[in-house]
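**Student:** File follows, entry-v7.cif with mmCIF, N, CA and C atoms:
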data_input
loop_
_atom_site.label_atom_id
_atom_site.label_comp_id
_atom_site.auth_asym_id
_atom_site.auth_seq_id
_atom_site.Cartn_x
_atom_site.Cartn_y
_atom_site.Cartn_z
N MET T 1033 155.25 16.96 -27.27
CA MET T 1033 154.57 16.60 -26.05
C MET T 1033 153.20 17.27 -25.95
N ALA T 1034 153.08 18.51 -26.42
CA ALA T 1034 151.81 19.22 -26.31
C ALA T 1034 150.82 18.74 -27.37
N GLY T 1035 151.28 18.07 -28.43
CA GLY T 1035 150.39 17.54 -29.45
C GLY T 1035 149.73 18.59 -30.32
N ILE T 1036 150.46 19.65 -30.64
CA ILE T 1036 149.91 20.77 -31.39
C ILE T 1036 150.73 20.97 -32.67
N LEU T 1037 150.06 21.18 -33.82
CA LEU T 1037 150.76 21.55 -35.05
C LEU T 1037 151.01 23.05 -35.02
N VAL T 1038 152.26 23.44 -35.31
CA VAL T 1038 152.67 24.83 -35.12
C VAL T 1038 153.27 25.40 -36.39
N ASP T 1039 152.92 26.66 -36.70
CA ASP T 1039 153.57 27.45 -37.75
C ASP T 1039 154.45 28.48 -37.08
N GLU T 1040 155.52 28.89 -37.77
CA GLU T 1040 156.39 29.91 -37.19
C GLU T 1040 156.65 31.03 -38.18
N GLN T 1041 156.92 32.21 -37.63
CA GLN T 1041 157.28 33.39 -38.42
C GLN T 1041 158.35 34.15 -37.66
N PRO T 1042 159.25 34.81 -38.37
CA PRO T 1042 160.21 35.66 -37.66
C PRO T 1042 159.49 36.86 -37.05
N CYS T 1043 160.04 37.40 -36.00
CA CYS T 1043 159.48 38.61 -35.39
C CYS T 1043 159.77 39.80 -36.29
N PRO T 1044 159.00 40.87 -36.17
CA PRO T 1044 159.27 42.08 -36.96
C PRO T 1044 160.68 42.60 -36.69
N VAL T 1045 161.33 43.07 -37.72
CA VAL T 1045 162.68 43.61 -37.61
C VAL T 1045 162.58 45.11 -37.36
N GLY T 1046 163.47 45.63 -36.54
CA GLY T 1046 163.49 47.07 -36.30
C GLY T 1046 163.20 47.39 -34.85
N GLY T 1047 163.47 48.62 -34.48
CA GLY T 1047 163.27 49.06 -33.10
C GLY T 1047 161.81 49.19 -32.75
N GLY T 1048 161.55 49.21 -31.47
CA GLY T 1048 160.21 49.45 -30.99
C GLY T 1048 159.33 48.22 -30.83
N PHE T 1049 159.77 47.04 -31.27
CA PHE T 1049 158.95 45.84 -31.13
C PHE T 1049 159.02 45.34 -29.70
N LYS T 1050 157.86 45.10 -29.10
CA LYS T 1050 157.79 44.54 -27.75
C LYS T 1050 156.81 43.38 -27.76
N THR T 1051 157.18 42.32 -27.08
CA THR T 1051 156.27 41.20 -26.87
C THR T 1051 155.52 41.47 -25.58
N THR T 1052 154.20 41.62 -25.66
CA THR T 1052 153.42 41.75 -24.44
C THR T 1052 152.65 40.46 -24.22
N CYS T 1053 152.57 40.05 -22.97
CA CYS T 1053 151.97 38.76 -22.66
C CYS T 1053 151.55 38.75 -21.20
N ASP T 1054 151.00 37.62 -20.78
CA ASP T 1054 150.60 37.43 -19.39
C ASP T 1054 151.51 36.45 -18.66
N TYR T 1055 152.15 35.54 -19.41
CA TYR T 1055 153.04 34.53 -18.84
C TYR T 1055 154.32 34.47 -19.66
N THR T 1056 155.47 34.51 -18.98
CA THR T 1056 156.75 34.32 -19.63
C THR T 1056 157.56 33.30 -18.84
N GLY T 1057 157.86 32.17 -19.48
CA GLY T 1057 158.78 31.21 -18.90
C GLY T 1057 160.19 31.60 -19.33
N ALA T 1058 161.15 31.54 -18.42
CA ALA T 1058 162.51 32.00 -18.74
C ALA T 1058 163.56 31.12 -18.09
N MET T 1059 164.72 31.07 -18.74
CA MET T 1059 165.90 30.38 -18.21
C MET T 1059 167.15 31.11 -18.67
N LEU T 1060 168.16 31.06 -17.84
CA LEU T 1060 169.46 31.57 -18.26
C LEU T 1060 170.26 30.44 -18.89
N VAL T 1061 171.00 30.78 -19.92
CA VAL T 1061 171.86 29.86 -20.65
C VAL T 1061 173.28 30.34 -20.42
N ILE T 1062 174.13 29.48 -19.85
CA ILE T 1062 175.48 29.90 -19.46
C ILE T 1062 176.50 29.03 -20.17
N GLY T 1063 177.33 29.65 -21.00
CA GLY T 1063 178.37 28.95 -21.74
C GLY T 1063 179.40 29.96 -22.19
N ARG T 1064 179.83 29.86 -23.44
CA ARG T 1064 180.77 30.85 -23.97
C ARG T 1064 180.20 32.25 -23.84
N ARG T 1065 178.88 32.34 -23.97
CA ARG T 1065 178.15 33.59 -23.77
C ARG T 1065 176.98 33.31 -22.84
N THR T 1066 176.58 34.32 -22.10
CA THR T 1066 175.42 34.18 -21.23
C THR T 1066 174.22 34.78 -21.93
N ALA T 1067 173.11 34.06 -21.88
CA ALA T 1067 171.90 34.52 -22.56
C ALA T 1067 170.69 34.17 -21.72
N MET T 1068 169.56 34.77 -22.08
CA MET T 1068 168.29 34.41 -21.49
C MET T 1068 167.36 33.99 -22.61
N ILE T 1069 166.68 32.86 -22.40
CA ILE T 1069 165.70 32.38 -23.35
C ILE T 1069 164.33 32.54 -22.68
N THR T 1070 163.37 33.10 -23.44
CA THR T 1070 162.04 33.31 -22.89
C THR T 1070 160.99 32.77 -23.85
N LEU T 1071 159.91 32.28 -23.29
CA LEU T 1071 158.74 31.85 -24.04
C LEU T 1071 157.55 32.57 -23.44
N SER T 1072 156.88 33.39 -24.25
CA SER T 1072 155.82 34.26 -23.75
C SER T 1072 154.50 34.01 -24.46
N MET T 1073 153.40 34.11 -23.71
CA MET T 1073 152.08 33.97 -24.31
C MET T 1073 151.01 34.56 -23.39
N SER T 1074 149.83 34.70 -23.93
CA SER T 1074 148.70 35.20 -23.16
C SER T 1074 148.24 34.14 -22.17
N ARG T 1075 147.42 34.54 -21.22
CA ARG T 1075 146.86 33.61 -20.24
C ARG T 1075 146.03 32.55 -20.95
N GLU T 1076 145.21 32.95 -21.90
CA GLU T 1076 144.36 31.99 -22.61
C GLU T 1076 145.19 30.99 -23.40
N ALA T 1077 146.24 31.46 -24.06
CA ALA T 1077 147.13 30.55 -24.80
C ALA T 1077 147.82 29.58 -23.84
N ALA T 1078 148.29 30.10 -22.70
CA ALA T 1078 148.95 29.24 -21.71
C ALA T 1078 147.98 28.17 -21.21
N LYS T 1079 146.72 28.54 -20.98
CA LYS T 1079 145.73 27.56 -20.53
C LYS T 1079 145.56 26.44 -21.56
N LEU T 1080 145.48 26.80 -22.84
CA LEU T 1080 145.30 25.79 -23.88
C LEU T 1080 146.51 24.87 -23.99
N VAL T 1081 147.70 25.45 -24.00
CA VAL T 1081 148.91 24.64 -24.14
C VAL T 1081 149.10 23.72 -22.93
N VAL T 1082 148.93 24.25 -21.73
CA VAL T 1082 149.10 23.43 -20.53
C VAL T 1082 148.02 22.35 -20.47
N ALA T 1083 146.82 22.67 -20.92
CA ALA T 1083 145.76 21.65 -20.98
C ALA T 1083 146.16 20.52 -21.93
N TYR T 1084 146.71 20.85 -23.10
CA TYR T 1084 147.19 19.82 -24.03
C TYR T 1084 148.28 18.97 -23.38
N MET T 1085 149.18 19.62 -22.64
CA MET T 1085 150.30 18.90 -22.02
C MET T 1085 149.85 17.97 -20.90
N THR T 1086 148.88 18.41 -20.12
CA THR T 1086 148.53 17.68 -18.90
C THR T 1086 147.27 16.84 -19.01
N GLY T 1087 146.42 17.14 -19.98
CA GLY T 1087 145.14 16.45 -20.08
C GLY T 1087 144.10 17.01 -19.13
N ILE T 1088 144.43 18.09 -18.43
CA ILE T 1088 143.49 18.74 -17.52
C ILE T 1088 142.69 19.76 -18.34
N SER T 1089 141.40 19.85 -18.11
CA SER T 1089 140.56 20.81 -18.80
C SER T 1089 141.06 22.24 -18.53
N PRO T 1090 141.07 23.12 -19.54
CA PRO T 1090 141.51 24.50 -19.31
C PRO T 1090 140.74 25.18 -18.17
N ALA T 1091 139.46 24.87 -18.02
CA ALA T 1091 138.65 25.48 -16.96
C ALA T 1091 139.09 25.03 -15.57
N GLU T 1092 139.73 23.88 -15.48
CA GLU T 1092 140.15 23.35 -14.18
C GLU T 1092 141.57 23.75 -13.79
N LEU T 1093 142.32 24.37 -14.70
CA LEU T 1093 143.70 24.73 -14.42
C LEU T 1093 143.76 25.91 -13.45
N GLU T 1094 144.60 25.78 -12.44
CA GLU T 1094 144.84 26.85 -11.46
C GLU T 1094 146.04 27.68 -11.92
N GLU T 1095 146.24 28.83 -11.29
CA GLU T 1095 147.38 29.69 -11.63
C GLU T 1095 148.70 28.96 -11.47
N ASP T 1096 148.83 28.16 -10.41
CA ASP T 1096 150.08 27.40 -10.19
C ASP T 1096 150.32 26.40 -11.32
N ASP T 1097 149.23 25.80 -11.84
CA ASP T 1097 149.35 24.86 -12.95
C ASP T 1097 149.90 25.58 -14.19
N LEU T 1098 149.41 26.78 -14.44
CA LEU T 1098 149.87 27.54 -15.61
C LEU T 1098 151.34 27.92 -15.47
N ALA T 1099 151.73 28.38 -14.29
CA ALA T 1099 153.14 28.74 -14.07
C ALA T 1099 154.03 27.51 -14.20
N ASP T 1100 153.61 26.39 -13.60
CA ASP T 1100 154.40 25.15 -13.71
C ASP T 1100 154.51 24.71 -15.17
N GLY T 1101 153.42 24.80 -15.91
CA GLY T 1101 153.43 24.41 -17.32
C GLY T 1101 154.35 25.29 -18.16
N MET T 1102 154.32 26.59 -17.92
CA MET T 1102 155.21 27.50 -18.66
C MET T 1102 156.68 27.22 -18.31
N ALA T 1103 156.95 26.94 -17.04
CA ALA T 1103 158.32 26.60 -16.64
C ALA T 1103 158.77 25.32 -17.34
N GLU T 1104 157.89 24.34 -17.41
CA GLU T 1104 158.24 23.08 -18.05
C GLU T 1104 158.47 23.26 -19.56
N LEU T 1105 157.65 24.09 -20.19
CA LEU T 1105 157.83 24.33 -21.63
C LEU T 1105 159.18 24.95 -21.95
N VAL T 1106 159.54 26.00 -21.22
CA VAL T 1106 160.83 26.65 -21.50
C VAL T 1106 161.98 25.71 -21.12
N ASN T 1107 161.78 24.88 -20.10
CA ASN T 1107 162.79 23.89 -19.72
C ASN T 1107 162.99 22.86 -20.83
N MET T 1108 161.90 22.42 -21.46
CA MET T 1108 162.01 21.45 -22.57
C MET T 1108 162.76 22.06 -23.75
N ILE T 1109 162.49 23.33 -24.05
CA ILE T 1109 163.15 23.99 -25.18
C ILE T 1109 164.64 24.15 -24.90
N ALA T 1110 164.98 24.71 -23.74
CA ALA T 1110 166.40 24.92 -23.41
C ALA T 1110 167.12 23.58 -23.24
N GLY T 1111 166.46 22.61 -22.61
CA GLY T 1111 167.08 21.30 -22.41
C GLY T 1111 167.34 20.57 -23.71
N SER T 1112 166.42 20.68 -24.64
CA SER T 1112 166.61 20.05 -25.95
C SER T 1112 167.80 20.68 -26.68
N SER T 1113 167.89 22.00 -26.62
CA SER T 1113 169.02 22.69 -27.25
C SER T 1113 170.33 22.29 -26.59
N LYS T 1114 170.32 22.23 -25.27
CA LYS T 1114 171.52 21.84 -24.53
C LYS T 1114 171.97 20.43 -24.92
N SER T 1115 171.03 19.50 -24.98
CA SER T 1115 171.37 18.11 -25.34
C SER T 1115 171.97 18.00 -26.73
N SER T 1116 171.46 18.81 -27.65
CA SER T 1116 171.96 18.73 -29.03
C SER T 1116 173.37 19.29 -29.18
N LEU T 1117 173.83 20.06 -28.19
CA LEU T 1117 175.16 20.68 -28.29
C LEU T 1117 176.21 20.05 -27.38
N VAL T 1118 175.85 18.98 -26.68
CA VAL T 1118 176.83 18.29 -25.82
C VAL T 1118 177.97 17.78 -26.70
N GLY T 1119 179.20 17.97 -26.21
CA GLY T 1119 180.37 17.51 -26.94
C GLY T 1119 180.85 18.46 -28.02
N THR T 1120 180.22 19.63 -28.13
CA THR T 1120 180.67 20.64 -29.09
C THR T 1120 181.25 21.83 -28.34
N ASP T 1121 181.84 22.76 -29.07
CA ASP T 1121 182.36 23.98 -28.46
C ASP T 1121 181.25 24.91 -27.99
N PHE T 1122 180.02 24.60 -28.36
CA PHE T 1122 178.89 25.47 -28.03
C PHE T 1122 178.04 24.94 -26.88
N HIS T 1123 178.53 23.91 -26.17
CA HIS T 1123 177.76 23.37 -25.05
C HIS T 1123 177.55 24.46 -24.00
N PHE T 1124 176.51 24.29 -23.18
CA PHE T 1124 176.21 25.28 -22.16
C PHE T 1124 175.47 24.64 -20.99
N ARG T 1125 175.37 25.40 -19.91
CA ARG T 1125 174.59 25.00 -18.74
C ARG T 1125 173.31 25.83 -18.74
N ILE T 1126 172.29 25.35 -18.05
CA ILE T 1126 171.05 26.10 -17.92
C ILE T 1126 170.67 26.21 -16.45
N THR T 1127 169.98 27.28 -16.12
CA THR T 1127 169.49 27.46 -14.76
C THR T 1127 168.13 26.78 -14.61
N LEU T 1128 167.62 26.79 -13.43
CA LEU T 1128 166.23 26.36 -13.23
C LEU T 1128 165.31 27.36 -13.92
N PRO T 1129 164.19 26.91 -14.45
CA PRO T 1129 163.28 27.84 -15.09
C PRO T 1129 162.55 28.70 -14.06
N PHE T 1130 162.16 29.89 -14.49
CA PHE T 1130 161.31 30.75 -13.67
C PHE T 1130 160.25 31.35 -14.56
N VAL T 1131 159.18 31.84 -13.96
CA VAL T 1131 158.04 32.34 -14.72
C VAL T 1131 157.67 33.73 -14.22
N LEU T 1132 157.51 34.65 -15.17
CA LEU T 1132 157.01 35.99 -14.87
C LEU T 1132 155.52 36.00 -15.20
N VAL T 1133 154.71 36.49 -14.27
CA VAL T 1133 153.27 36.52 -14.45
C VAL T 1133 152.77 37.93 -14.25
N GLY T 1134 151.96 38.41 -15.16
CA GLY T 1134 151.37 39.74 -15.03
C GLY T 1134 150.67 40.13 -16.32
N GLU T 1135 149.57 40.80 -16.18
CA GLU T 1135 148.78 41.18 -17.34
C GLU T 1135 149.53 42.18 -18.22
N ASN T 1136 149.64 41.86 -19.51
CA ASN T 1136 150.29 42.72 -20.50
C ASN T 1136 151.71 43.13 -20.11
N GLN T 1137 152.47 42.22 -19.54
CA GLN T 1137 153.85 42.54 -19.16
C GLN T 1137 154.80 42.30 -20.31
N HIS T 1138 155.95 42.91 -20.24
CA HIS T 1138 157.02 42.68 -21.21
C HIS T 1138 158.36 42.88 -20.51
N ILE T 1139 159.41 42.34 -21.12
CA ILE T 1139 160.76 42.43 -20.57
C ILE T 1139 161.51 43.51 -21.33
N VAL T 1140 162.19 44.36 -20.58
CA VAL T 1140 163.02 45.41 -21.19
C VAL T 1140 164.48 45.06 -20.90
N TYR T 1141 165.27 45.00 -21.95
CA TYR T 1141 166.71 44.78 -21.82
C TYR T 1141 167.37 46.13 -22.05
N LYS T 1142 168.00 46.67 -21.04
CA LYS T 1142 168.58 48.00 -21.12
C LYS T 1142 169.57 48.11 -22.27
N SER T 1143 169.31 49.03 -23.16
CA SER T 1143 170.20 49.34 -24.30
C SER T 1143 170.55 48.12 -25.13
N LYS T 1144 169.62 47.17 -25.23
CA LYS T 1144 169.93 45.92 -25.93
C LYS T 1144 168.70 45.41 -26.65
N PRO T 1145 168.80 45.19 -27.95
CA PRO T 1145 167.67 44.55 -28.65
C PRO T 1145 167.69 43.03 -28.46
N VAL T 1146 166.58 42.40 -28.73
CA VAL T 1146 166.50 40.94 -28.69
C VAL T 1146 167.36 40.39 -29.83
N ASP T 1147 168.16 39.36 -29.56
CA ASP T 1147 169.06 38.82 -30.58
C ASP T 1147 168.37 37.86 -31.54
N ARG T 1148 167.49 37.01 -31.03
CA ARG T 1148 166.75 36.06 -31.88
C ARG T 1148 165.32 36.04 -31.39
N CYS T 1149 164.38 35.99 -32.34
CA CYS T 1149 162.97 35.99 -31.97
C CYS T 1149 162.15 35.27 -33.02
N LYS T 1150 161.22 34.43 -32.56
CA LYS T 1150 160.29 33.74 -33.46
C LYS T 1150 158.90 33.78 -32.85
N HIS T 1151 157.90 34.00 -33.71
CA HIS T 1151 156.49 33.88 -33.30
C HIS T 1151 156.00 32.51 -33.74
N TYR T 1152 155.24 31.86 -32.88
CA TYR T 1152 154.66 30.57 -33.19
C TYR T 1152 153.15 30.67 -33.11
N PHE T 1153 152.46 30.04 -34.07
CA PHE T 1153 151.01 30.10 -34.15
C PHE T 1153 150.45 28.69 -34.30
N ALA T 1154 149.38 28.41 -33.56
CA ALA T 1154 148.67 27.14 -33.68
C ALA T 1154 147.20 27.43 -33.35
N GLY T 1155 146.39 27.62 -34.37
CA GLY T 1155 145.00 27.98 -34.13
C GLY T 1155 144.91 29.29 -33.38
N ASP T 1156 144.28 29.28 -32.22
CA ASP T 1156 144.14 30.49 -31.40
C ASP T 1156 145.33 30.73 -30.49
N ILE T 1157 146.31 29.87 -30.55
CA ILE T 1157 147.48 29.98 -29.68
C ILE T 1157 148.58 30.75 -30.40
N GLU T 1158 149.10 31.77 -29.72
CA GLU T 1158 150.25 32.53 -30.22
C GLU T 1158 151.29 32.59 -29.11
N ALA T 1159 152.54 32.31 -29.46
CA ALA T 1159 153.64 32.35 -28.49
C ALA T 1159 154.85 32.99 -29.15
N THR T 1160 155.70 33.58 -28.33
CA THR T 1160 156.93 34.20 -28.82
C THR T 1160 158.11 33.63 -28.05
N LEU T 1161 159.11 33.18 -28.80
CA LEU T 1161 160.36 32.67 -28.22
C LEU T 1161 161.45 33.67 -28.52
N GLU T 1162 162.15 34.11 -27.48
CA GLU T 1162 163.22 35.10 -27.65
C GLU T 1162 164.51 34.60 -27.00
N LEU T 1163 165.62 35.00 -27.60
CA LEU T 1163 166.95 34.75 -27.05
C LEU T 1163 167.68 36.07 -27.02
N VAL T 1164 168.21 36.42 -25.86
CA VAL T 1164 168.94 37.67 -25.70
C VAL T 1164 170.27 37.37 -25.05
N TYR T 1165 171.37 37.79 -25.69
CA TYR T 1165 172.68 37.66 -25.09
C TYR T 1165 172.82 38.77 -24.06
N LEU T 1166 173.21 38.41 -22.86
CA LEU T 1166 173.24 39.38 -21.75
C LEU T 1166 174.61 40.03 -21.56
N GLU T 1167 175.54 39.68 -22.42
CA GLU T 1167 176.87 40.30 -22.36
C GLU T 1167 177.40 40.44 -23.77
N GLY T 1168 178.25 41.42 -23.96
CA GLY T 1168 178.92 41.65 -25.22
C GLY T 1168 178.13 41.60 -26.42
#
Using the file provided, produce a representation of the structure as structure tokens.
**Tutor:**
Amino acid sequence: MAGILVDEQPCPVGGGFKTTCDYTGAMLVIGRRTAMITLSMSREAAKLVVAYMTGISPAELEEDDLADGMAELVNMIAGSSKSSLVGTDFHFRITLPFVLVGENQHIVYKSKPVDRCKHYFAGDIEATLELVYLEG
């Protein structure tokens, strides 16, 4: 939908890695296990991606547009995963998306490392997708 060619790399392995960003779209995934899926990027990256999605010039995008775009992106990712698992033992429900906004923010999971993480790159755009199991 965004019309962008993307490369991916695994996140660094080991303790101490933190994703810092300005926008994080998030959703809870509820099934056999409860998890949170997040998509994080800088303000400039969010402006470029949302501009690709909407056709609105990056200079014309308001803060609400960026938050709505990040919510829609994480919703598309979680929704696509959910659709692919319907009818299997791994099906799940998803919550409404929400967006965390703040300069150089990051999420801390108490006594818990991130379970899955990928970095995505497309030109000047960098984004991080994380999955964290919130129980067991």
**Student:** Specify as a PyMOL selection string each residue included when the PyMOL selection byres (((chain T and resi 1068 and name CA) around 6) and name CA) is applied to this file.
**Tutor:** chain T and resi 1059-1061+1067+1069+1163-1164
**Student:** Tell me which protein, DNA and RNA residues are within 8 Å of segment 1111-1115 of chain T, counting all atoms listed in the file, leaving out same-chain ones fewer than 5 positions away, and put them as a PyMOL selection string.
**Tutor:** chain T and resi 1105-1106+1122-1126
**Student:** Work out how far apart atom C of Asp1156 of chain T and atom CA of Phe1130 of chain T are and give it in Å to one decimal.
**Tutor:**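 Atom CA of Phe1130 of chain T lies at a distance of 23.2 Å from atom C of Asp1156 of chain T.
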**Student:** To one decimal place, how far is atom C of Asp1121 of chain T from atom N of Pro1145 of chain T in Å?
**Tutor:**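 Rounded to one decimal, the two atoms are 23.8 Å apart.
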**Student:** Between T:Pro1129, T:Ala1078, T:Glu1162, T:Thr1051, which has the minimum distance to Pro1090 of chain T (counting only N, CA and C atoms)?
**Tutor:**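 Using only N, CA and C atoms, the shortest distance to Pro1090 of chain T belongs to T:Ala1078.
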**Student:** Fewer than 6 positions away in the same chain doesn't count, so skip those; otherwise give me all residues within 6 Å of Cys1043 of chain T, counting all atoms listed in the file, as a PyMOL selection string.
**Tutor:** chain T and resi 1149-1151
**Student:** Could you please determine the separation between atom CA of Ala1077 of chain T and atom N of Glu1040 of chain T in Å, to one decimal place?
**Tutor:** 15.5 Å
**Student:** Within chain T, find each residue whose DSSP state, derived from the backbone, is strand (DSSP E or B), and express the selection as a ChimeraX atom specification.
**Tutor:** /T:1039-1042,1053-1062,1066-1073,1125-1126,1130-1137,1148-1154,1157-1165
**Student:** Let's have the selection written as a short mmCIF file (atom, residue, chain, number, x, y, z; two decimals), in the coordinates of the input, with N, CA and C atoms.
**Tutor:**
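Resulting contents of part.cif:
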data_model
loop_
_atom_site.label_atom_id
_atom_site.label_comp_id
_atom_site.auth_asym_id
_atom_site.auth_seq_id
_atom_site.Cartn_x
_atom_site.Cartn_y
_atom_site.Cartn_z
N ASP T 1039 152.92 26.66 -36.70
CA ASP T 1039 153.57 27.45 -37.75
C ASP T 1039 154.45 28.48 -37.08
N GLU T 1040 155.52 28.89 -37.77
CA GLU T 1040 156.39 29.91 -37.19
C GLU T 1040 156.65 31.03 -38.18
N GLN T 1041 156.92 32.21 -37.63
CA GLN T 1041 157.28 33.39 -38.42
C GLN T 1041 158.35 34.15 -37.66
N PRO T 1042 159.25 34.81 -38.37
CA PRO T 1042 160.21 35.66 -37.66
C PRO T 1042 159.49 36.86 -37.05
N CYS T 1053 152.57 40.05 -22.97
CA CYS T 1053 151.97 38.76 -22.66
C CYS T 1053 151.55 38.75 -21.20
N ASP T 1054 151.00 37.62 -20.78
CA ASP T 1054 150.60 37.43 -19.39
C ASP T 1054 151.51 36.45 -18.66
N TYR T 1055 152.15 35.54 -19.41
CA TYR T 1055 153.04 34.53 -18.84
C TYR T 1055 154.32 34.47 -19.66
N THR T 1056 155.47 34.51 -18.98
CA THR T 1056 156.75 34.32 -19.63
C THR T 1056 157.56 33.30 -18.84
N GLY T 1057 157.86 32.17 -19.48
CA GLY T 1057 158.78 31.21 -18.90
C GLY T 1057 160.19 31.60 -19.33
N ALA T 1058 161.15 31.54 -18.42
CA ALA T 1058 162.51 32.00 -18.74
C ALA T 1058 163.56 31.12 -18.09
N MET T 1059 164.72 31.07 -18.74
CA MET T 1059 165.90 30.38 -18.21
C MET T 1059 167.15 31.11 -18.67
N LEU T 1060 168.16 31.06 -17.84
CA LEU T 1060 169.46 31.57 -18.26
C LEU T 1060 170.26 30.44 -18.89
N VAL T 1061 171.00 30.78 -19.92
CA VAL T 1061 171.86 29.86 -20.65
C VAL T 1061 173.28 30.34 -20.42
N ILE T 1062 174.13 29.48 -19.85
CA ILE T 1062 175.48 29.90 -19.46
C ILE T 1062 176.50 29.03 -20.17
N THR T 1066 176.58 34.32 -22.10
CA THR T 1066 175.42 34.18 -21.23
C THR T 1066 174.22 34.78 -21.93
N ALA T 1067 173.11 34.06 -21.88
CA ALA T 1067 171.90 34.52 -22.56
C ALA T 1067 170.69 34.17 -21.72
N MET T 1068 169.56 34.77 -22.08
CA MET T 1068 168.29 34.41 -21.49
C MET T 1068 167.36 33.99 -22.61
N ILE T 1069 166.68 32.86 -22.40
CA ILE T 1069 165.70 32.38 -23.35
C ILE T 1069 164.33 32.54 -22.68
N THR T 1070 163.37 33.10 -23.44
CA THR T 1070 162.04 33.31 -22.89
C THR T 1070 160.99 32.77 -23.85
N LEU T 1071 159.91 32.28 -23.29
CA LEU T 1071 158.74 31.85 -24.04
C LEU T 1071 157.55 32.57 -23.44
N SER T 1072 156.88 33.39 -24.25
CA SER T 1072 155.82 34.26 -23.75
C SER T 1072 154.50 34.01 -24.46
N MET T 1073 153.40 34.11 -23.71
CA MET T 1073 152.08 33.97 -24.31
C MET T 1073 151.01 34.56 -23.39
N ARG T 1125 175.37 25.40 -19.91
CA ARG T 1125 174.59 25.00 -18.74
C ARG T 1125 173.31 25.83 -18.74
N ILE T 1126 172.29 25.35 -18.05
CA ILE T 1126 171.05 26.10 -17.92
C ILE T 1126 170.67 26.21 -16.45
N PHE T 1130 162.16 29.89 -14.49
CA PHE T 1130 161.31 30.75 -13.67
C PHE T 1130 160.25 31.35 -14.56
N VAL T 1131 159.18 31.84 -13.96
CA VAL T 1131 158.04 32.34 -14.72
C VAL T 1131 157.67 33.73 -14.22
N LEU T 1132 157.51 34.65 -15.17
CA LEU T 1132 157.01 35.99 -14.87
C LEU T 1132 155.52 36.00 -15.20
N VAL T 1133 154.71 36.49 -14.27
CA VAL T 1133 153.27 36.52 -14.45
C VAL T 1133 152.77 37.93 -14.25
N GLY T 1134 151.96 38.41 -15.16
CA GLY T 1134 151.37 39.74 -15.03
C GLY T 1134 150.67 40.13 -16.32
N GLU T 1135 149.57 40.80 -16.18
CA GLU T 1135 148.78 41.18 -17.34
C GLU T 1135 149.53 42.18 -18.22
N ASN T 1136 149.64 41.86 -19.51
CA ASN T 1136 150.29 42.72 -20.50
C ASN T 1136 151.71 43.13 -20.11
N GLN T 1137 152.47 42.22 -19.54
CA GLN T 1137 153.85 42.54 -19.16
C GLN T 1137 154.80 42.30 -20.31
N ARG T 1148 167.49 37.01 -31.03
CA ARG T 1148 166.75 36.06 -31.88
C ARG T 1148 165.32 36.04 -31.39
N CYS T 1149 164.38 35.99 -32.34
CA CYS T 1149 162.97 35.99 -31.97
C CYS T 1149 162.15 35.27 -33.02
N LYS T 1150 161.22 34.43 -32.56
CA LYS T 1150 160.29 33.74 -33.46
C LYS T 1150 158.90 33.78 -32.85
N HIS T 1151 157.90 34.00 -33.71
CA HIS T 1151 156.49 33.88 -33.30
C HIS T 1151 156.00 32.51 -33.74
N TYR T 1152 155.24 31.86 -32.88
CA TYR T 1152 154.66 30.57 -33.19
C TYR T 1152 153.15 30.67 -33.11
N PHE T 1153 152.46 30.04 -34.07
CA PHE T 1153 151.01 30.10 -34.15
C PHE T 1153 150.45 28.69 -34.30
N ALA T 1154 149.38 28.41 -33.56
CA ALA T 1154 148.67 27.14 -33.68
C ALA T 1154 147.20 27.43 -33.35
N ILE T 1157 146.31 29.87 -30.55
CA ILE T 1157 147.48 29.98 -29.68
C ILE T 1157 148.58 30.75 -30.40
N GLU T 1158 149.10 31.77 -29.72
CA GLU T 1158 150.25 32.53 -30.22
C GLU T 1158 151.29 32.59 -29.11
N ALA T 1159 152.54 32.31 -29.46
CA ALA T 1159 153.64 32.35 -28.49
C ALA T 1159 154.85 32.99 -29.15
N THR T 1160 155.70 33.58 -28.33
CA THR T 1160 156.93 34.20 -28.82
C THR T 1160 158.11 33.63 -28.05
N LEU T 1161 159.11 33.18 -28.80
CA LEU T 1161 160.36 32.67 -28.22
C LEU T 1161 161.45 33.67 -28.52
N GLU T 1162 162.15 34.11 -27.48
CA GLU T 1162 163.22 35.10 -27.65
C GLU T 1162 164.51 34.60 -27.00
N LEU T 1163 165.62 35.00 -27.60
CA LEU T 1163 166.95 34.75 -27.05
C LEU T 1163 167.68 36.07 -27.02
N VAL T 1164 168.21 36.42 -25.86
CA VAL T 1164 168.94 37.67 -25.70
C VAL T 1164 170.27 37.37 -25.05
N TYR T 1165 171.37 37.79 -25.69
CA TYR T 1165 172.68 37.66 -25.09
C TYR T 1165 172.82 38.77 -24.06
#
**Student:** Give me every helix (DSSP H, G or I) residue in segment 1049-1166 of chain T, going by DSSP on the backbone, as JSON, numbers by chain.
**Tutor:** {"T": [1075, 1076, 1077, 1078, 1079, 1080, 1081, 1082, 1083, 1084, 1085, 1086, 1090, 1091, 1092, 1095, 1096, 1097, 1098, 1099, 1100, 1101, 1102, 1103, 1104, 1105, 1106, 1107, 1108, 1109, 1110, 1111, 1112, 1113, 1114, 1115, 1116]}
**Student:** When you count only N, CA and C atoms, which of these residues is closest to Lys1079 of chain T: T:Glu1135, T:Leu1098, T:Leu1037, T:Leu1117?
**Tutor:**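 Smallest separation from Lys1079 of chain T among the options: T:Leu1098.
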**Student:** Could you check which of T:Val1140, T:Val1133, T:Leu1071, T:Ala1058 is closest to Glu1158 of chain T, using only C-alpha atoms?
**Tutor:** T:Leu1071
**Student:** Pull out every residue that the PyMOL selection byres ((chain T and resi 1056) around 5) matches in the shown coordinates and put them as a list in words.
**Tutor:**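 Evaluating the PyMOL selection byres ((chain T and resi 1056) around 5) on these coordinates yields Asp1054, Tyr1055, Gly1057, Ala1058, Leu1071, Ser1072, Val1131 and Leu1132 of chain T.
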**Student:** In terms of the shortest atom-to-atom distance over only N, CA and C atoms, which of T:Val1082, T:Gly1087, T:Ala1159, T:Gly1063 is closest to Asp1100 of chain T?
**Tutor:** T:Val1082
